[in-house]
>>> print(open('entry33.txt').read())   # compact mmCIF, C-alpha atoms
# COMPACT_ATOMS: atom_id res chain seq x y z
CA MET A 252 86.18 124.98 87.46
CA PRO A 253 83.38 123.01 85.72
CA LEU A 254 85.57 122.82 82.61
CA GLN A 255 88.47 121.52 84.68
CA LEU A 256 86.28 118.90 86.34
CA ALA A 257 84.95 117.73 82.99
CA ALA A 258 88.51 117.59 81.68
CA ALA A 259 89.58 115.54 84.71
CA PHE A 260 86.69 113.12 84.15
CA LEU A 261 87.39 112.65 80.45
CA GLY A 262 91.17 112.58 80.89
CA THR A 263 91.05 109.95 83.61
CA ALA A 264 88.65 107.79 81.60
CA ALA A 265 90.94 108.10 78.55
CA PHE A 266 93.91 106.88 80.55
CA ALA A 267 91.82 104.08 82.02
CA LEU A 268 91.51 102.85 78.43
CA LEU A 269 95.29 102.99 78.00
CA PHE A 270 95.75 100.95 81.19
CA TYR A 271 93.29 98.37 79.78
CA VAL A 272 90.75 98.85 82.53
CA PRO A 273 87.64 96.89 81.42
CA ALA A 274 85.17 99.22 79.69
CA ARG A 275 82.38 98.84 82.26
CA HIS A 276 84.54 100.65 84.84
CA TYR A 277 85.31 103.79 82.81
CA LEU A 278 82.55 105.78 84.49
CA SER A 279 83.78 105.05 88.01
CA CYS A 280 87.39 105.69 86.98
CA GLY A 281 86.45 109.06 85.54
CA LEU A 282 84.43 109.90 88.61
CA THR A 283 87.32 108.98 90.93
CA GLY A 284 89.68 111.21 88.95
CA ALA A 285 87.27 114.13 88.73
CA LEU A 286 86.34 114.09 92.42
CA GLY A 287 89.98 113.78 93.49
CA TRP A 288 90.98 116.70 91.28
CA GLY A 289 87.94 118.70 92.44
CA CYS A 290 89.00 118.15 96.05
CA TYR A 291 92.54 119.32 95.19
CA LEU A 292 91.26 122.47 93.46
CA ALA A 293 88.78 123.29 96.22
CA LEU A 294 91.44 123.03 98.93
CA GLN A 295 94.21 124.71 96.94
CA PRO A 296 93.41 128.34 97.97
CA ALA A 297 93.37 127.50 101.67
CA LEU A 298 96.10 124.85 101.96
CA SER A 299 99.57 124.34 100.53
CA ALA A 300 99.93 122.06 97.49
CA PRO A 301 101.23 119.04 99.47
CA GLU A 302 98.41 119.35 102.03
CA ALA A 303 95.81 119.57 99.30
CA ALA A 304 97.42 116.60 97.53
CA PHE A 305 97.23 114.63 100.78
CA CYS A 306 93.48 115.20 101.13
CA ALA A 307 92.81 114.61 97.45
CA ALA A 308 94.84 111.39 97.38
CA ALA A 309 93.05 110.16 100.50
CA LEU A 310 89.69 110.83 98.86
CA THR A 311 90.83 109.10 95.66
CA ALA A 312 91.99 106.04 97.60
CA LEU A 313 88.71 105.91 99.56
CA LEU A 314 86.64 106.15 96.38
CA SER A 315 88.79 103.48 94.73
CA ARG A 316 88.17 101.07 97.58
CA ILE A 317 84.45 101.75 97.51
CA PHE A 318 84.22 101.24 93.74
CA ALA A 319 86.39 98.11 93.98
CA ILE A 320 83.87 96.55 96.35
CA ARG A 321 80.82 97.75 94.43
CA GLU A 322 82.05 96.57 91.07
CA LYS A 323 84.02 93.53 92.26
CA CYS A 324 87.23 94.53 90.54
CA PRO A 325 90.81 94.88 91.84
CA VAL A 326 91.23 98.28 93.48
CA THR A 327 94.26 99.02 91.25
CA ALA A 328 92.00 99.76 88.28
CA PHE A 329 90.44 102.79 89.97
CA LEU A 330 93.43 103.88 92.02
CA ILE A 331 95.90 104.07 89.14
CA SER A 332 93.59 106.02 86.85
CA GLY A 333 92.20 108.20 89.63
CA ILE A 334 95.59 109.17 91.05
CA LEU A 335 96.98 110.28 87.69
CA PRO A 336 95.74 113.92 87.89
CA LEU A 337 97.54 114.28 91.22
CA VAL A 338 100.88 112.79 90.09
CA PRO A 339 103.00 115.95 89.90
CA GLY A 340 103.77 115.92 86.17
CA ALA A 341 103.69 119.72 86.06
CA GLY A 342 106.13 119.77 88.98
CA ILE A 343 108.58 117.57 87.08
CA TYR A 344 108.30 119.85 84.07
CA TRP A 345 108.79 123.14 85.93
CA THR A 346 111.74 121.79 87.94
CA THR A 347 113.48 120.82 84.70
CA TYR A 348 112.51 124.07 83.02
CA PHE A 349 113.89 126.34 85.74
CA MET A 350 117.03 124.25 86.06
CA LEU A 351 117.58 124.57 82.33
CA THR A 352 116.99 128.30 82.20
CA GLY A 353 119.45 128.86 85.04
CA GLN A 354 116.93 129.81 87.73
CA SER A 355 118.38 127.46 90.34
CA ALA A 356 116.51 128.82 93.36
CA GLU A 357 113.16 128.44 91.63
CA ALA A 358 114.17 124.98 90.35
CA LEU A 359 115.03 123.86 93.87
CA ARG A 360 111.75 125.22 95.24
CA ARG A 361 109.77 123.37 92.57
CA GLY A 362 111.78 120.19 92.99
CA VAL A 363 111.30 120.09 96.74
CA GLU A 364 107.61 120.81 96.34
CA THR A 365 107.25 117.99 93.81
CA GLY A 366 108.91 115.63 96.28
CA LYS A 367 106.63 116.83 99.07
CA ILE A 368 103.51 116.26 96.96
CA ALA A 369 104.64 112.72 96.12
CA ALA A 370 105.38 112.03 99.80
CA ALA A 371 101.98 113.40 100.86
CA MET A 372 100.26 111.12 98.34
CA VAL A 373 102.20 108.12 99.62
CA LEU A 374 101.14 108.91 103.17
CA ALA A 375 97.49 109.37 102.24
CA ILE A 376 97.28 106.13 100.24
CA VAL A 377 99.03 104.10 102.94
CA LEU A 378 96.70 105.46 105.62
CA VAL A 379 93.53 104.74 103.65
CA PHE A 380 94.66 101.22 102.79
CA GLU A 381 95.27 100.50 106.47
CA LEU A 382 91.55 100.92 107.14
CA PRO A 383 89.99 97.50 107.70
CA GLN A 384 88.18 95.93 104.75
CA GLY A 385 85.05 95.44 106.90
CA LEU A 386 84.34 99.19 106.84
CA PHE A 387 83.82 99.03 103.11
CA ARG A 388 81.57 96.01 103.07
CA VAL A 389 78.45 98.17 103.38
CA PHE A 390 79.10 99.37 99.83
CA GLY A 391 79.00 95.86 98.39
CA ARG A 392 75.99 94.89 96.35
CA ARG A 393 74.25 91.79 97.51
CA ALA A 394 74.37 88.97 94.99
CA ARG A 395 71.17 88.58 93.05
CA PRO A 396 69.13 85.61 94.26
CA MET B 18 98.33 62.01 92.24
CA LYS B 19 101.81 63.37 91.78
CA GLN B 20 100.82 64.48 88.30
CA ASP B 21 97.89 66.44 89.75
CA ARG B 22 100.06 68.25 92.26
CA SER B 23 102.63 69.47 89.80
CA GLU B 24 99.82 70.48 87.47
CA ALA B 25 98.21 72.54 90.24
CA LEU B 26 101.49 74.35 90.84
CA GLU B 27 101.99 74.85 87.13
CA ILE B 28 98.60 76.56 86.93
CA ALA B 29 99.18 78.66 90.03
CA VAL B 30 102.57 79.87 88.81
CA TYR B 31 101.19 80.63 85.37
CA ALA B 32 98.44 82.75 86.96
CA GLY B 33 101.05 84.47 89.14
CA ILE B 34 103.22 85.33 86.16
CA ILE B 35 100.34 86.84 84.22
CA LEU B 36 99.42 88.96 87.23
CA LEU B 37 102.98 90.11 87.81
CA GLN B 38 103.44 91.06 84.16
CA SER B 39 100.21 93.02 84.05
CA GLY B 40 100.88 95.29 87.01
CA ALA B 41 99.39 93.57 90.07
CA GLU B 42 100.60 94.09 93.63
CA ILE B 43 102.82 91.46 95.28
CA PHE B 44 100.23 90.45 97.87
CA ARG B 45 97.69 89.77 95.11
CA VAL B 46 100.11 87.44 93.33
CA ASP B 47 100.92 85.69 96.59
CA GLU B 48 97.28 85.31 97.50
CA THR B 49 96.31 84.01 94.05
CA VAL B 50 99.06 81.36 93.97
CA GLU B 51 98.03 80.20 97.43
CA ARG B 52 94.32 80.19 96.58
CA ILE B 53 94.78 78.12 93.43
CA THR B 54 97.13 75.54 94.95
CA ARG B 55 94.81 75.06 97.92
CA ALA B 56 91.82 74.66 95.66
CA TYR B 57 93.64 71.77 93.93
CA GLY B 58 94.60 70.17 97.22
CA VAL B 59 98.23 71.20 97.67
CA GLU B 60 98.61 72.29 101.30
CA SER B 61 102.35 72.75 101.53
CA CYS B 62 102.89 75.41 98.87
CA SER B 63 104.84 78.52 99.73
CA SER B 64 105.99 81.24 97.40
CA PHE B 65 108.27 84.23 97.39
CA VAL B 66 107.33 86.95 94.94
CA LEU B 67 109.42 89.88 93.74
CA SER B 68 108.36 92.41 91.12
CA SER B 69 110.77 90.74 88.70
CA GLY B 70 110.43 87.09 89.61
CA LEU B 71 108.50 84.32 91.25
CA PHE B 72 109.82 81.43 93.38
CA THR B 73 107.49 78.62 94.39
CA THR B 74 108.08 75.39 96.22
CA ALA B 75 105.81 72.72 97.63
CA GLY B 76 106.44 69.55 99.54
CA ASN B 77 106.59 67.99 103.00
CA GLN B 78 106.55 64.49 104.49
CA GLN B 79 103.18 63.75 102.93
CA GLU B 80 103.47 65.64 99.65
CA GLU B 81 105.84 65.36 96.73
CA TYR B 82 108.58 67.99 96.43
CA PHE B 83 108.25 70.49 93.63
CA ALA B 84 109.85 73.83 92.85
CA LYS B 85 109.51 76.45 90.18
CA VAL B 86 111.40 79.70 89.59
CA ARG B 87 110.47 82.18 86.90
CA HIS B 88 111.94 85.49 85.90
CA VAL B 89 109.37 88.09 84.93
CA PRO B 90 110.55 91.34 83.30
CA LEU B 91 108.80 94.57 84.34
CA SER B 92 106.24 95.65 81.76
CA GLY B 93 103.22 97.84 81.21
CA ALA B 94 99.71 97.91 82.61
CA ARG B 95 97.19 95.28 81.50
CA LEU B 96 94.54 95.70 84.15
CA ASP B 97 92.08 93.64 82.07
CA LYS B 98 94.32 90.60 82.64
CA VAL B 99 94.60 91.35 86.36
CA GLU B 100 90.84 91.42 86.68
CA ALA B 101 90.36 88.27 84.59
CA VAL B 102 92.90 86.22 86.55
CA ASN B 103 91.49 87.51 89.81
CA GLU B 104 88.01 86.41 88.79
CA LEU B 105 89.26 83.03 87.52
CA SER B 106 91.14 82.28 90.73
CA ARG B 107 87.96 82.84 92.73
CA GLU B 108 86.07 80.51 90.42
CA ILE B 109 88.80 77.90 90.84
CA ALA B 110 88.55 78.27 94.61
CA ARG B 111 84.81 77.57 94.32
CA GLY B 112 85.70 74.40 92.43
CA GLN B 113 84.22 75.46 89.10
CA HIS B 114 87.16 74.44 86.90
CA THR B 115 89.13 71.24 86.42
CA PRO B 116 92.90 71.80 86.08
CA GLN B 117 92.70 71.38 82.30
CA GLN B 118 89.92 73.96 81.99
CA ALA B 119 91.79 76.37 84.23
CA LEU B 120 94.94 76.06 82.15
CA GLU B 121 92.96 76.64 78.97
CA GLN B 122 91.33 79.75 80.50
CA LEU B 123 94.71 81.11 81.59
CA ARG B 124 96.08 80.67 78.09
CA GLN B 125 93.13 82.65 76.77
CA ILE B 126 93.73 85.43 79.31
CA ASP B 127 97.45 85.48 78.50
CA THR B 128 96.75 86.04 74.82
CA MET B 129 93.99 88.62 75.28
CA PRO B 130 94.28 91.02 72.35
CA ARG B 131 95.43 94.59 72.77
CA ARG B 132 92.91 97.36 72.31
CA PRO B 133 92.63 98.61 68.70
CA ALA B 134 95.35 101.11 67.81
CA PRO B 135 93.06 104.01 66.76
CA ALA B 136 91.19 103.86 70.08
CA ARG B 137 94.44 103.97 72.05
CA LEU B 138 95.85 106.81 69.94
CA ALA B 139 92.69 108.84 70.37
CA ALA B 140 92.67 108.14 74.12
CA SER B 141 96.26 109.30 74.46
CA GLY B 142 95.56 112.50 72.55
CA LEU B 143 92.33 113.16 74.44
CA GLY B 144 94.02 112.44 77.76
CA SER B 145 96.84 114.85 76.99
CA ALA B 146 94.42 117.57 75.92
CA CYS B 147 92.29 117.10 79.06
CA PHE B 148 95.29 117.20 81.39
CA CYS B 149 96.53 120.33 79.65
CA LEU B 150 93.18 121.99 80.39
CA MET B 151 93.24 120.75 83.98
CA PHE B 152 96.64 122.25 84.72
CA GLY B 153 95.47 125.65 83.50
CA GLY B 154 96.07 125.51 79.76
CA SER B 155 93.68 127.24 77.37
CA LEU B 156 91.65 125.50 74.65
CA PRO B 157 94.20 126.26 71.89
CA ASP B 158 96.93 124.85 74.14
CA ALA B 159 94.87 121.71 74.62
CA PHE B 160 94.53 121.42 70.85
CA GLY B 161 98.32 121.41 70.53
CA SER B 162 98.65 118.91 73.39
CA PHE B 163 96.19 116.61 71.65
CA TRP B 164 98.40 116.19 68.59
CA ALA B 165 101.61 115.95 70.60
CA GLY B 166 100.08 113.30 72.89
CA LEU B 167 98.87 111.37 69.86
CA LEU B 168 102.30 111.48 68.25
CA LEU B 169 103.91 110.39 71.51
CA TYR B 170 101.67 107.35 71.67
CA LEU B 171 102.48 106.52 68.06
CA TRP B 172 106.10 106.28 69.18
CA LEU B 173 105.18 104.19 72.22
CA MET B 174 103.21 101.79 70.01
CA ALA B 175 106.06 101.54 67.51
CA VAL B 176 108.47 100.30 70.19
CA GLU B 177 105.89 98.29 72.15
CA ASP B 178 107.15 94.85 71.13
CA LYS B 179 110.77 95.82 70.54
CA LYS B 180 113.42 95.19 73.14
CA LEU B 181 114.10 98.86 73.78
CA SER B 182 114.93 99.86 77.35
CA LYS B 183 112.39 101.87 79.27
CA ILE B 184 114.93 104.65 79.76
CA THR B 185 115.43 105.13 76.03
CA THR B 186 111.73 104.82 75.29
CA THR B 187 110.78 107.45 77.85
CA LEU B 188 113.62 109.82 77.03
CA LEU B 189 112.92 109.78 73.30
CA GLY B 190 109.15 109.85 73.88
CA SER B 191 109.39 112.92 76.05
CA ALA B 192 111.72 114.55 73.51
CA ALA B 193 109.32 113.75 70.65
CA ALA B 194 106.35 115.21 72.53
CA THR B 195 108.30 118.36 73.41
CA LEU B 196 109.52 118.74 69.84
CA ALA B 197 105.98 118.35 68.50
CA CYS B 198 104.73 121.02 70.91
CA LEU B 199 107.58 123.33 69.98
CA LEU B 200 106.90 122.99 66.26
CA LEU B 201 103.16 123.48 66.71
CA PHE B 202 103.86 126.49 68.88
CA ARG B 203 106.12 128.03 66.25
CA LEU B 204 103.41 127.40 63.68
CA GLY B 205 101.09 129.49 65.81
CA VAL B 206 99.08 126.83 67.63
CA GLY B 207 98.49 127.52 71.31
CA GLN B 208 99.36 130.41 73.59
CA ASP B 209 101.56 128.88 76.25
CA LEU B 210 104.21 126.37 75.26
CA ASN B 211 104.78 125.25 78.87
CA GLN B 212 101.16 124.21 79.32
CA MET B 213 101.19 122.35 76.02
CA VAL B 214 104.27 120.32 76.99
CA ILE B 215 102.91 119.59 80.48
CA GLY B 216 99.77 118.12 78.90
CA SER B 217 101.55 116.13 76.24
CA ILE B 218 103.98 114.30 78.58
CA VAL B 219 101.18 112.94 80.76
CA PRO B 220 100.96 109.54 78.94
CA LEU B 221 104.54 108.94 80.11
CA LEU B 222 103.95 109.74 83.79
CA PRO B 223 104.84 106.82 86.09
CA GLY B 224 101.42 106.56 87.72
CA LEU B 225 101.36 102.75 87.70
CA PRO B 226 104.83 102.05 89.16
CA PHE B 227 104.30 104.82 91.72
CA THR B 228 100.96 103.47 92.94
CA ILE B 229 102.08 99.84 93.00
CA ALA B 230 105.27 100.82 94.82
CA ILE B 231 103.28 102.52 97.57
CA ARG B 232 101.01 99.54 98.00
CA ASP B 233 103.88 97.05 98.04
CA ILE B 234 105.82 99.05 100.61
CA ALA B 235 102.70 99.45 102.74
CA ASP B 236 102.27 95.66 102.65
CA GLY B 237 105.86 95.20 103.83
CA ASP B 238 107.17 94.00 100.46
CA TYR B 239 110.09 96.41 100.61
CA ILE B 240 112.28 94.91 97.90
CA ALA B 241 109.50 94.83 95.31
CA GLY B 242 108.33 98.27 96.40
CA SER B 243 111.81 99.79 96.08
CA VAL B 244 112.24 98.35 92.60
CA ARG B 245 108.97 99.92 91.50
CA MET B 246 109.78 103.23 93.19
CA LEU B 247 113.16 103.32 91.44
CA ASP B 248 111.34 102.61 88.19
CA ALA B 249 108.99 105.56 88.83
CA LEU B 250 111.87 107.87 89.75
CA LEU B 251 113.89 106.93 86.66
CA VAL B 252 110.92 107.50 84.40
CA ALA B 253 110.36 110.93 85.97
CA LEU B 254 114.02 111.82 85.41
CA CYS B 255 113.86 110.62 81.81
CA ILE B 256 110.80 112.78 81.14
CA GLY B 257 112.75 115.78 82.38
CA GLY B 258 115.75 114.70 80.34
CA GLY B 259 113.75 114.58 77.10
CA VAL B 260 112.47 118.10 77.65
CA VAL B 261 116.00 119.35 78.39
CA LEU B 262 117.32 117.68 75.25
CA VAL B 263 114.92 119.44 72.90
CA TYR B 264 114.98 122.83 74.64
CA THR B 265 118.80 122.91 74.68
CA PHE B 266 118.99 122.13 70.98
CA TYR B 267 116.44 124.80 70.29
CA TYR B 268 118.38 127.32 72.37
CA ARG B 269 121.65 126.55 70.60
CA LEU B 270 120.04 126.69 67.18
CA THR B 271 118.10 129.90 67.61
CA GLY B 272 120.09 131.61 70.35
CA GLY B 273 117.09 132.42 72.47
CA TRP B 274 114.20 131.03 74.47
CA PHE B 275 110.80 131.00 72.92
>>> encode(input="entry33.txt", output="structure tokens")
Amino acid sequence: MPLQLAAAFLGTAAFALLFYVPARHYLSCGLTGALGWGCYLALQPALSAPEAAFCAAALTALLSRIFAIREKCPVTAFLISGILPLVPGAGIYWTTYFMLTGQSAEALRRGVETGKIAAAMVLAIVLVFELPQGLFRVFGRRARP
Amino acid sequence: MKQDRSEALEIAVYAGIILLQSGAEIFRVDETVERITRAYGVESCSSFVLSSGLFTTAGNQQEEYFAKVRHVPLSGARLDKVEAVNELSREIARGQHTPQQALEQLRQIDTMPRRPAPARLAASGLGSACFCLMFGGSLPDAFGSFWAGLLLYLWLMAVEDKKLSKITTTLLGSAAATLACLLLFRLGVGQDLNQMVIGSIVPLLPGLPFTIAIRDIADGDYIAGSVRMLDALLVALCIGGGVVLVYTFYYRLTGGWF
């Protein structure tokens, strides 16, 4: 678990560089990714993958909005990097793999699950972005006098 | 006065194009165009923004008529430009720049250099290795993923400025990453080929189009959102296609799975 969290932090920060996020935000990007992935892992034993993805994506979106206000930067910078661990890349791979090796039932199961995870993430992000901006103002830093 | 108005629109549209090209949401482009034109005293501006184009007009009984249409091809993420334009538009709204200064600043933002190649290569490799670990790969697997992810990015950089379609780029990229993993695996690197491939295809994942699509659709920009979502879906299919390509060849050549 600690290794996975560290990997999520580093991995997200590395992709933030590839998306040309300005360097001063790497820390917050990494943190967003690591906490989102941590949430997913922690919930995984109790909930199904789409449910866990929903909660994790909601947390990621919340953190992104908070960091966007704190660091005065478009929310996209944090959201895109932070959401990457949750994007079901493994799901895409396994669906293809089982389809290729002739295990159609398993391929279908994986494919549907991948779709469900994506849908759950959509739902979570939409919900969090409907929250009024005023709620997040408390996280803003006051301008230096 | 007429000169000033068209200049204001010129600047606003330029800012909008940079944003659109760099992966900003539709509402941000809309808002920025509006903010800049207002700051320079054009009240009648209205714009219609799609993910692949920008249409702006201004004019009423008091103001001169003016229109501008620009096509903007979909391209990769340059969040540094998004942030810079965003910041600049706020400064313009506070009245800190004359039109000439603003235009000069925008030109600078537009030509912002790319990050140095070694840094991006290393980041791609590191990212792949980390994601391999996250999805349950072991350290040797991550080592394999590192080199495959690095090689994949080398390919992406080689075609960066060429006019190669995204479908071809992704398909061949995914195939190259899979092939690299397969070769490394046969050479004895790593324990689980599946985990290695999963890690190494991460730089291709459509995280940006997916996220922007969700935000656009949530804002009611359905056309732009659908275009982005289709983009994300196609990229996902192409990633799968690349894996299939290499695995099938391997199967036919060796007569067995790994």
>>> residues_around(input="entry33.txt", residues="Leu123 of chain B", least_positions_apart="2", cutoff="8 Å", atoms="only C-alpha atoms", output="list of chain:residue names")
B:Tyr31, B:Ala32, B:Val102, B:Ala119, B:Leu120, B:Glu121, B:Gln125, B:Ile126, B:Asp127
>>> closest_atom_pairs(input="entry33.txt", of="chain A", to="chain B", cutoff="8 Å", atoms="all atoms listed in the file", output="JSON lines")
{"residue": "A:Leu254", "atom": "CA", "partner": "B:Leu150", "partner_atom": "CA", "distance": 8.0}
{"residue": "A:Gln255", "atom": "CA", "partner": "B:Met151", "partner_atom": "CA", "distance": 4.9}
{"residue": "A:Leu256", "atom": "CA", "partner": "B:Met151", "partner_atom": "CA", "distance": 7.6}
{"residue": "A:Ala258", "atom": "CA", "partner": "B:Cys147", "partner_atom": "CA", "distance": 4.6}
{"residue": "A:Ala259", "atom": "CA", "partner": "B:Met151", "partner_atom": "CA", "distance": 6.4}
{"residue": "A:Leu261", "atom": "CA", "partner": "B:Cys147", "partner_atom": "CA", "distance": 6.8}
{"residue": "A:Gly262", "atom": "CA", "partner": "B:Gly144", "partner_atom": "CA", "distance": 4.2}
{"residue": "A:Thr263", "atom": "CA", "partner": "B:Gly144", "partner_atom": "CA", "distance": 7.0}
{"residue": "A:Ala265", "atom": "CA", "partner": "B:Ala140", "partner_atom": "CA", "distance": 4.8}
{"residue": "A:Phe266", "atom": "CA", "partner": "B:Gly144", "partner_atom": "CA", "distance": 6.2}
{"residue": "A:Leu268", "atom": "CA", "partner": "B:Ala140", "partner_atom": "CA", "distance": 6.9}
{"residue": "A:Leu269", "atom": "CA", "partner": "B:Arg137", "partner_atom": "CA", "distance": 6.1}
{"residue": "A:Phe270", "atom": "CA", "partner": "B:Ala94", "partner_atom": "CA", "distance": 5.2}
{"residue": "A:Tyr271", "atom": "CA", "partner": "B:Arg95", "partner_atom": "CA", "distance": 5.3}
{"residue": "A:Val272", "atom": "CA", "partner": "B:Leu96", "partner_atom": "CA", "distance": 5.2}
{"residue": "A:Pro273", "atom": "CA", "partner": "B:Asp97", "partner_atom": "CA", "distance": 5.5}
{"residue": "A:Cys324", "atom": "CA", "partner": "B:Glu100", "partner_atom": "CA", "distance": 6.1}
{"residue": "A:Pro325", "atom": "CA", "partner": "B:Glu100", "partner_atom": "CA", "distance": 6.2}
{"residue": "A:Thr327", "atom": "CA", "partner": "B:Ala41", "partner_atom": "CA", "distance": 7.6}
{"residue": "A:Ala328", "atom": "CA", "partner": "B:Leu96", "partner_atom": "CA", "distance": 6.3}
{"residue": "A:Leu330", "atom": "CA", "partner": "B:Thr228", "partner_atom": "CA", "distance": 7.6}
{"residue": "A:Ile331", "atom": "CA", "partner": "B:Leu225", "partner_atom": "CA", "distance": 5.8}
{"residue": "A:Ser332", "atom": "CA", "partner": "B:Gly224", "partner_atom": "CA", "distance": 7.9}
{"residue": "A:Ile334", "atom": "CA", "partner": "B:Gly224", "partner_atom": "CA", "distance": 7.2}
{"residue": "A:Leu335", "atom": "CA", "partner": "B:Gly224", "partner_atom": "CA", "distance": 5.8}
{"residue": "A:Pro336", "atom": "CA", "partner": "B:Phe148", "partner_atom": "CA", "distance": 7.3}
{"residue": "A:Val338", "atom": "CA", "partner": "B:Gly224", "partner_atom": "CA", "distance": 6.7}
{"residue": "A:Gly340", "atom": "CA", "partner": "B:Leu222", "partner_atom": "CA", "distance": 6.6}
{"residue": "A:Ala341", "atom": "CA", "partner": "B:Ile215", "partner_atom": "CA", "distance": 5.6}
{"residue": "A:Ile343", "atom": "CA", "partner": "B:Gly257", "partner_atom": "CA", "distance": 6.5}
{"residue": "A:Tyr344", "atom": "CA", "partner": "B:Gly257", "partner_atom": "CA", "distance": 6.3}
{"residue": "A:Thr347", "atom": "CA", "partner": "B:Gly257", "partner_atom": "CA", "distance": 5.6}
{"residue": "A:Tyr348", "atom": "CA", "partner": "B:Val261", "partner_atom": "CA", "distance": 7.5}
{"residue": "A:Leu351", "atom": "CA", "partner": "B:Val261", "partner_atom": "CA", "distance": 6.7}
{"residue": "A:Val373", "atom": "CA", "partner": "B:Ile231", "partner_atom": "CA", "distance": 6.1}
{"residue": "A:Ile376", "atom": "CA", "partner": "B:Ile231", "partner_atom": "CA", "distance": 7.5}
{"residue": "A:Val377", "atom": "CA", "partner": "B:Ala235", "partner_atom": "CA", "distance": 5.9}
>>> atom_distance(input="entry33.txt", atom1="atom CA of Ala307 of chain A", atom2="atom CA of Gly287 of chain A")
4.9 Å
>>> atom_distance(input="entry33.txt", atom1="atom CA of Trp164 of chain B", atom2="atom CA of Cys198 of chain B")
8.3 Å
>>> atom_distance(input="entry33.txt", atom1="atom CA of Arg111 of chain B", atom2="atom CA of Leu386 of chain A")
25.0 Å
>>> closest_atom_pairs(input="entry33.txt", of="segment 301-365 of chain A", to="segment 277-281 of chain A", cutoff="7 Å", atoms="all atoms listed in the file", output="CSV")
residue,atom,partner,partner_atom,distance
A:Phe318,CA,A:Ser279,CA,6.9
A:Phe329,CA,A:Cys280,CA,5.2
A:Ser332,CA,A:Cys280,CA,6.2
A:Gly333,CA,A:Cys280,CA,6.0
>>> closest_residue(input="entry33.txt", among="A:Ala304, A:Leu310, A:Gly353, A:Ile317", to="Pro339 of chain A", atoms="all atoms listed in the file")
A:Ala304
>>> closest_residue(input="entry33.txt", among="B:Ser243, B:Thr74, B:Ser23, B:Thr271", to="Cys62 of chain B", atoms="only C-alpha atoms")
B:Thr74
>>> residues_near_point(input="entry33.txt", point="(104.4, 80.0, 100.9)", cutoff="8 Å", atoms="all atoms listed in the file", output="list of chain:residue names")
B:Asp47, B:Glu51, B:Ser61, B:Cys62, B:Ser63, B:Ser64, B:Phe65, B:Thr73, B:Thr74
>>> write_last_selection(input="entry33.txt", atoms="C-alpha atoms", output="short mmCIF file (atom, residue, chain, number, x, y, z; two decimals), in the frame of the given file")
data_model
loop_
_atom_site.label_atom_id
_atom_site.label_comp_id
_atom_site.auth_asym_id
_atom_site.auth_seq_id
_atom_site.Cartn_x
_atom_site.Cartn_y
_atom_site.Cartn_z
CA ASP B 47 100.92 85.69 96.59
CA GLU B 51 98.03 80.20 97.43
CA SER B 61 102.35 72.75 101.53
CA CYS B 62 102.89 75.41 98.87
CA SER B 63 104.84 78.52 99.73
CA SER B 64 105.99 81.24 97.40
CA PHE B 65 108.27 84.23 97.39
CA THR B 73 107.49 78.62 94.39
CA THR B 74 108.08 75.39 96.22
#
>>> decode(input="entry33.txt", residues="segment 142-163 of chain B", atoms="C-alpha atoms", output="tab-separated table (two decimals), in the first residue's frame")
chain	number	residue	atom	x	y	z
B	142	GLY	CA	9.28	6.13	-18.49
B	143	LEU	CA	8.90	6.97	-14.81
B	144	GLY	CA	5.15	7.41	-15.21
B	145	SER	CA	4.81	4.04	-16.92
B	146	ALA	CA	6.88	2.31	-14.25
B	147	CYS	CA	4.86	3.93	-11.44
B	148	PHE	CA	1.53	3.00	-13.00
B	149	CYS	CA	2.75	-0.55	-13.49
B	150	LEU	CA	3.49	-0.74	-9.75
B	151	MET	CA	0.13	0.82	-8.90
B	152	PHE	CA	-1.85	-1.73	-10.85
B	153	GLY	CA	-0.12	-4.57	-9.03
B	154	GLY	CA	3.05	-5.13	-11.03
B	155	SER	CA	6.27	-6.13	-9.29
B	156	LEU	CA	9.50	-4.10	-9.34
B	157	PRO	CA	11.03	-6.09	-12.24
B	158	ASP	CA	7.80	-5.54	-14.20
B	159	ALA	CA	8.07	-1.82	-13.52
B	160	PHE	CA	11.64	-1.90	-14.81
B	161	GLY	CA	10.39	-3.34	-18.10
B	162	SER	CA	7.54	-0.81	-18.24
B	163	PHE	CA	10.03	2.01	-17.77
